Amino acid sequence: MAHQIQGSEKIVETLQGEHSIELVLVDRERDTERLREVCLEQSIPLEEGSTNDLWRMSAVGTTDALALIGREPKGELDDIFARGGSIWLLDGVQYPTNIGFGIRTVEVSGADAVVLNIPRTHEDRRTIRRSSMRADRFIPVVYSDTETIIATAKAAGFRIIAAEDVGTVGPWDADLTGNVLLVVGAEREGVSQEVLDACDEVVRLPMDGFVPSYNLQVAVSVLAVEALRQRNAKK
C-alpha cells in the first residue's frame with residue numbers, strides 16, 4: 001500500500017540504498033537539484049508541484065519533496081491485477097466529478113488502482129483529473145469493459161466485493177483485505193447485475209432514515225476507510 005517519504009535529503013538518502021520509491025514530487029519553487037540528479041540517474045519519474053500542492057499532500061506539513069513508495073502509479077489492466085492488493089471498480093459511474101472524488105478517496109485510503117468501465121471523452125478526463133486533485137498522478141486509473149475487468153480479476157485470484165442495498169452484512173463484518181476488487185455502483189442504477197452476479201460477497205451500509213440511500217461519495221468513503229482500517233489492523 002502507498003506511503004510517502006518527506007524531504008529531499010531523506011529521499012536522496014533512501015535512494016542511495018535498497019528502496020521501493022516509484023515516483024517523486026518536488027516543489028518547483030525550491031532548490032531540489034541534488035534530488036533531481038539522483039532521480040534522473042535511477043530513472044525515477046519526477047513530478048513538479050506548487051508549495052501549496054506539496055503542503056496539502058504531505059503528512060507532516062511543509063516540505064520540499066515527497067516520494068511515493070509501495071505503489072506503482074502506472075499500469076494497464078493485466079499489470080494492476082498481477083501486482084495484487086486493493087483495487088476499486090467504479091461501476092457505471094457517470095458524473096466526472098463523482099469519479100474524480102472517488103479516485104481521490106481511493107488514493108488517500110492507500111489502495112492500489114482504480115478501474116472504470118465507461119469510456120470518457122478528453123474533456124471528461126480533464127474534469128476527472130481536476131476534481132481528483134490530480135490524484136491520478138499517484139495511482140493507476142484504467143479504462144476497460146465490465147466483462148474483461150471481471151475476467152481479469154477472477155483469473156488473478158481476486159475476490160469481488162460490492163456495496164449495494166441487497167447486501168447481507170456490514171462492511172466491517174466482511175474481509176476487505178488481501179487481493180480484493182471493491183465495487184461501488186452508478187449514481188442512479190447502483191451496481192450492475194453483471195457485477196453482482198460475479199461477486200463473492202455484497203455488503204450493505206446501514207441506513208435508518210426516511211430516504212433509504214446514501215450518495216456515491218458516502219459509499220466510497222465508508223468502504224475505503226473500513227478497508228484501510230482492516231489492512232492496518234493486520235500489519
# chains A, B, ... in the order shown; residues from 1 in each chain; ligands from 1

$ residues_around --residues "segment 198-201 of chain A" --least-positions-apart "2" --cutoff "9 Å" --atoms "only C-alpha atoms" --output "list of chain:residue names"
A:Ile150, A:Lys154, A:Arg159, A:Ile160, A:Ile161, A:Ala162, A:Ala163, A:Gly167, A:Thr168, A:Val169, A:Ala174, A:Gln193, A:Glu194, A:Val195, A:Leu196, A:Val203

$ write_last_selection --atoms "N, CA and C atoms" --output "short mmCIF file (atom, residue, chain, number, x, y, z; two decimals), in the first residue's frame"
data_model
loop_
_atom_site.label_atom_id
_atom_site.label_comp_id
_atom_site.auth_asym_id
_atom_site.auth_seq_id
_atom_site.Cartn_x
_atom_site.Cartn_y
_atom_site.Cartn_z
N ILE A 150 -13.89 -8.19 -14.91
CA ILE A 150 -14.27 -9.31 -14.05
C ILE A 150 -13.41 -10.53 -14.35
N LYS A 154 -10.87 -12.31 -11.68
CA LYS A 154 -11.04 -13.72 -11.31
C LYS A 154 -9.79 -14.53 -11.62
N ARG A 159 -10.95 -11.63 -4.93
CA ARG A 159 -12.34 -11.68 -4.51
C ARG A 159 -13.02 -10.38 -4.95
N ILE A 160 -14.29 -10.46 -5.28
CA ILE A 160 -15.04 -9.28 -5.70
C ILE A 160 -16.11 -8.99 -4.65
N ILE A 161 -16.04 -7.78 -4.08
CA ILE A 161 -16.97 -7.39 -3.02
C ILE A 161 -17.60 -6.05 -3.42
N ALA A 162 -18.91 -6.01 -3.48
CA ALA A 162 -19.63 -4.80 -3.85
C ALA A 162 -20.42 -4.26 -2.67
N ALA A 163 -20.65 -2.96 -2.68
CA ALA A 163 -21.54 -2.32 -1.71
C ALA A 163 -22.86 -2.01 -2.41
N GLY A 167 -27.07 -6.16 0.00
CA GLY A 167 -26.07 -6.82 0.82
C GLY A 167 -26.63 -7.36 2.12
N THR A 168 -25.95 -8.34 2.67
CA THR A 168 -26.44 -9.02 3.88
C THR A 168 -25.62 -8.74 5.12
N VAL A 169 -24.45 -8.13 4.96
CA VAL A 169 -23.60 -7.82 6.12
C VAL A 169 -23.05 -6.40 5.97
N ALA A 174 -17.20 -7.97 6.85
CA ALA A 174 -16.64 -8.67 5.68
C ALA A 174 -15.13 -8.45 5.67
N GLN A 193 -26.15 -5.70 -12.53
CA GLN A 193 -26.42 -7.11 -12.27
C GLN A 193 -25.27 -7.99 -12.71
N GLU A 194 -24.62 -7.62 -13.79
CA GLU A 194 -23.47 -8.39 -14.27
C GLU A 194 -22.38 -8.47 -13.21
N VAL A 195 -22.13 -7.37 -12.53
CA VAL A 195 -21.11 -7.36 -11.48
C VAL A 195 -21.62 -8.09 -10.24
N LEU A 196 -22.88 -7.85 -9.86
CA LEU A 196 -23.43 -8.53 -8.69
C LEU A 196 -23.37 -10.04 -8.85
N VAL A 203 -21.90 -6.26 0.47
CA VAL A 203 -22.08 -5.63 1.77
C VAL A 203 -23.10 -4.50 1.65
#

$ residues_around --residues "Val191 of chain A" --least-positions-apart "3" --cutoff "10 Å" --atoms "only C-alpha atoms" --output "mmCIF file with N, CA and C atoms, in the first residue's frame"
data_model
loop_
_atom_site.group_PDB
_atom_site.id
_atom_site.type_symbol
_atom_site.label_atom_id
_atom_site.label_comp_id
_atom_site.auth_asym_id
_atom_site.auth_seq_id
_atom_site.Cartn_x
_atom_site.Cartn_y
_atom_site.Cartn_z
ATOM 1 N N LEU A 89 -13.439 -0.756 -8.495
ATOM 2 C CA LEU A 89 -14.216 -0.580 -9.727
ATOM 3 C C LEU A 89 -15.343 0.406 -9.444
ATOM 4 N N LEU A 90 -15.345 1.522 -10.156
ATOM 5 C CA LEU A 90 -16.468 2.466 -10.097
ATOM 6 C C LEU A 90 -17.401 2.064 -11.234
ATOM 7 N N ASP A 91 -18.366 1.234 -10.916
ATOM 8 C CA ASP A 91 -19.184 0.530 -11.901
ATOM 9 C C ASP A 91 -20.271 1.425 -12.500
ATOM 10 N N GLY A 92 -20.063 1.848 -13.728
ATOM 11 C CA GLY A 92 -21.065 2.632 -14.429
ATOM 12 C C GLY A 92 -21.234 4.046 -13.918
ATOM 13 N N VAL A 93 -20.307 4.528 -13.100
ATOM 14 C CA VAL A 93 -20.438 5.878 -12.548
ATOM 15 C C VAL A 93 -20.358 6.898 -13.691
ATOM 16 N N ALA A 162 -18.914 -6.014 -3.482
ATOM 17 C CA ALA A 162 -19.631 -4.801 -3.850
ATOM 18 C C ALA A 162 -20.419 -4.261 -2.666
ATOM 19 N N ALA A 163 -20.654 -2.957 -2.685
ATOM 20 C CA ALA A 163 -21.538 -2.324 -1.715
ATOM 21 C C ALA A 163 -22.860 -2.012 -2.413
ATOM 22 N N GLU A 164 -23.946 -2.619 -1.912
ATOM 23 C CA GLU A 164 -25.253 -2.436 -2.542
ATOM 24 C C GLU A 164 -26.335 -2.722 -1.510
ATOM 25 N N ASP A 165 -27.544 -2.213 -1.755
ATOM 26 C CA ASP A 165 -28.591 -2.363 -0.735
ATOM 27 C C ASP A 165 -29.148 -3.776 -0.632
ATOM 28 N N VAL A 183 -16.260 -2.717 -5.186
ATOM 29 C CA VAL A 183 -17.125 -2.139 -6.216
ATOM 30 C C VAL A 183 -18.183 -1.241 -5.595
ATOM 31 N N VAL A 184 -18.311 -0.037 -6.143
ATOM 32 C CA VAL A 184 -19.466 0.811 -5.870
ATOM 33 C C VAL A 184 -20.110 1.133 -7.207
ATOM 34 N N GLY A 185 -21.435 1.341 -7.176
ATOM 35 C CA GLY A 185 -22.169 1.459 -8.421
ATOM 36 C C GLY A 185 -22.526 2.875 -8.804
ATOM 37 N N ALA A 186 -23.236 2.971 -9.927
ATOM 38 C CA ALA A 186 -23.613 4.257 -10.509
ATOM 39 C C ALA A 186 -24.584 5.015 -9.619
ATOM 40 N N GLU A 187 -24.674 6.316 -9.892
ATOM 41 C CA GLU A 187 -25.451 7.226 -9.059
ATOM 42 C C GLU A 187 -26.920 6.800 -8.959
ATOM 43 N N ARG A 188 -27.523 6.360 -10.035
ATOM 44 C CA ARG A 188 -28.941 6.002 -10.034
ATOM 45 C C ARG A 188 -29.158 4.490 -10.000
ATOM 46 N N GLU A 194 -24.616 -7.618 -13.789
ATOM 47 C CA GLU A 194 -23.468 -8.386 -14.274
ATOM 48 C C GLU A 194 -22.384 -8.473 -13.211
ATOM 49 N N VAL A 195 -22.129 -7.368 -12.526
ATOM 50 C CA VAL A 195 -21.111 -7.363 -11.479
ATOM 51 C C VAL A 195 -21.616 -8.086 -10.239
ATOM 52 N N LEU A 196 -22.876 -7.849 -9.860
ATOM 53 C CA LEU A 196 -23.433 -8.530 -8.689
ATOM 54 C C LEU A 196 -23.368 -10.044 -8.853
#

$ residues_around --residues "Thr51 of chain A" --least-positions-apart "6" --cutoff "10 Å" --atoms "only C-alpha atoms" --output "JSON, numbers by chain"
{"A": [26, 27, 28, 29, 30, 62, 63, 64, 65]}

$ write_last_selection --atoms "C-alpha atoms" --output "PDB file, in the first residue's frame"
ATOM      1  CA  VAL A  26       9.196  18.234  -5.839  1.00  0.00           C
ATOM      2  CA  ASP A  27       8.339  21.845  -5.078  1.00  0.00           C
ATOM      3  CA  ARG A  28       9.089  23.712  -8.300  1.00  0.00           C
ATOM      4  CA  GLU A  29       9.981  26.824  -6.290  1.00  0.00           C
ATOM      5  CA  ARG A  30      12.591  25.148  -4.034  1.00  0.00           C
ATOM      6  CA  THR A  62       5.571  21.986   4.624  1.00  0.00           C
ATOM      7  CA  THR A  63       8.265  20.088   2.713  1.00  0.00           C
ATOM      8  CA  ASP A  64      10.295  20.494  -0.472  1.00  0.00           C
ATOM      9  CA  ALA A  65       9.730  16.971  -1.798  1.00  0.00           C
TER      10      ALA A  65
END

$ residues_around --residues "Cys39 of chain A" --least-positions-apart "2" --cutoff "12 Å" --atoms "only C-alpha atoms" --output "ChimeraX atom specification"
/A:8,11-16,21-26,32-37,41-47,67

$ residues_around --residues "Val218 of chain A" --least-positions-apart "6" --cutoff "10 Å" --atoms "only C-alpha atoms" --output "short mmCIF file (atom, residue, chain, number, x, y, z; two decimals) with C-alpha atoms, in the first residue's frame"
data_model
loop_
_atom_site.label_atom_id
_atom_site.label_comp_id
_atom_site.auth_asym_id
_atom_site.auth_seq_id
_atom_site.Cartn_x
_atom_site.Cartn_y
_atom_site.Cartn_z
CA GLY A 102 -13.79 8.58 -5.92
CA LEU A 205 -24.21 0.25 4.53
CA ALA A 224 -12.45 2.98 1.72
#

$ closest_residue --among "A:Gln217, A:Thr152, A:Ser86, A:Thr127" --to "Pro140 of chain A" --atoms "only C-alpha atoms"
A:Ser86

$ closest_residue --among "A:Thr146, A:Ala111, A:Pro119, A:Ala151" --to "Arg229 of chain A" --atoms "only C-alpha atoms"
A:Ala111

$ closest_residue --among "A:Ser20, A:Gln94, A:Thr121, A:Ser58" --to "Glu189 of chain A" --atoms "only C-alpha atoms"
A:Gln94

$ closest_residue --among "A:Val115, A:Val106, A:Val166, A:Ala59" --to "Asp145 of chain A" --atoms "only C-alpha atoms"
A:Val115

$ select_by_dssp --residues "segment 38-218 of chain A" --states "strand (DSSP E or B)" --output "CSV table (one decimal) with C-alpha atoms, in the first residue's frame"
chain,number,residue,atom,x,y,z
A,46,LEU,CA,9.6,13.1,-11.1
A,47,GLU,CA,6.7,15.5,-11.0
A,48,GLU,CA,6.7,19.2,-10.1
A,49,GLY,CA,4.1,20.8,-7.9
A,65,ALA,CA,9.7,17.0,-1.8
A,66,LEU,CA,7.7,13.8,-1.4
A,67,ALA,CA,8.4,10.3,-2.5
A,68,LEU,CA,5.7,7.7,-3.3
A,69,ILE,CA,6.6,4.2,-2.0
A,86,SER,CA,-6.8,-3.5,-3.2
A,87,ILE,CA,-8.4,-2.4,-6.5
A,88,TRP,CA,-11.6,-0.4,-7.0
A,89,LEU,CA,-14.2,-0.6,-9.7
A,90,LEU,CA,-16.5,2.5,-10.1
A,91,ASP,CA,-19.2,0.5,-11.9
A,113,ALA,CA,-5.6,1.1,-8.5
A,114,VAL,CA,-9.0,2.2,-9.9
A,115,VAL,CA,-10.8,0.7,-12.9
A,116,LEU,CA,-13.6,2.4,-14.8
A,141,VAL,CA,-6.6,4.7,-13.4
A,142,VAL,CA,-7.5,2.1,-16.0
A,143,TYR,CA,-10.4,2.0,-18.5
A,159,ARG,CA,-12.3,-11.7,-4.5
A,160,ILE,CA,-15.0,-9.3,-5.7
A,161,ILE,CA,-17.0,-7.4,-3.0
A,162,ALA,CA,-19.6,-4.8,-3.8
A,163,ALA,CA,-21.5,-2.3,-1.7
A,169,VAL,CA,-23.6,-7.8,6.1
A,180,VAL,CA,-9.9,-7.7,-3.5
A,181,LEU,CA,-11.8,-5.8,-6.1
A,182,LEU,CA,-14.1,-3.4,-4.2
A,183,VAL,CA,-17.1,-2.1,-6.2
A,184,VAL,CA,-19.5,0.8,-5.9
A,185,GLY,CA,-22.2,1.5,-8.4
A,186,ALA,CA,-23.6,4.3,-10.5
A,190,GLY,CA,-26.2,1.1,-8.4
A,201,GLU,CA,-19.9,-11.0,-1.3
A,202,VAL,CA,-22.2,-8.0,-1.2
A,203,VAL,CA,-22.1,-5.6,1.8

$ closest_residue --among "A:Glu72, A:Asp53, A:Asp136, A:Asp124" --to "Arg104 of chain A" --atoms "only C-alpha atoms"
A:Asp136

$ select_by_dssp --residues "chain A" --states "helix (DSSP H, G or I)" --output "MDAnalysis selection string"
chainID A and resid 8:15 33:42 51:57 77:83 96:108 122:131 135:137 146:155 171:173 193:198 216:233

$ closest_residue --among "A:Glu226, A:Asp175, A:Asp197, A:Glu123" --to "Gly110 of chain A" --atoms "only C-alpha atoms"
A:Glu226

$ atom_distance --atom1 "atom CA of Ala153 of chain A" --atom2 "atom CA of Val220 of chain A"
19.7 Å

$ atom_distance --atom1 "atom CA of Thr97 of chain A" --atom2 "atom CA of Asn232 of chain A"
28.9 Å
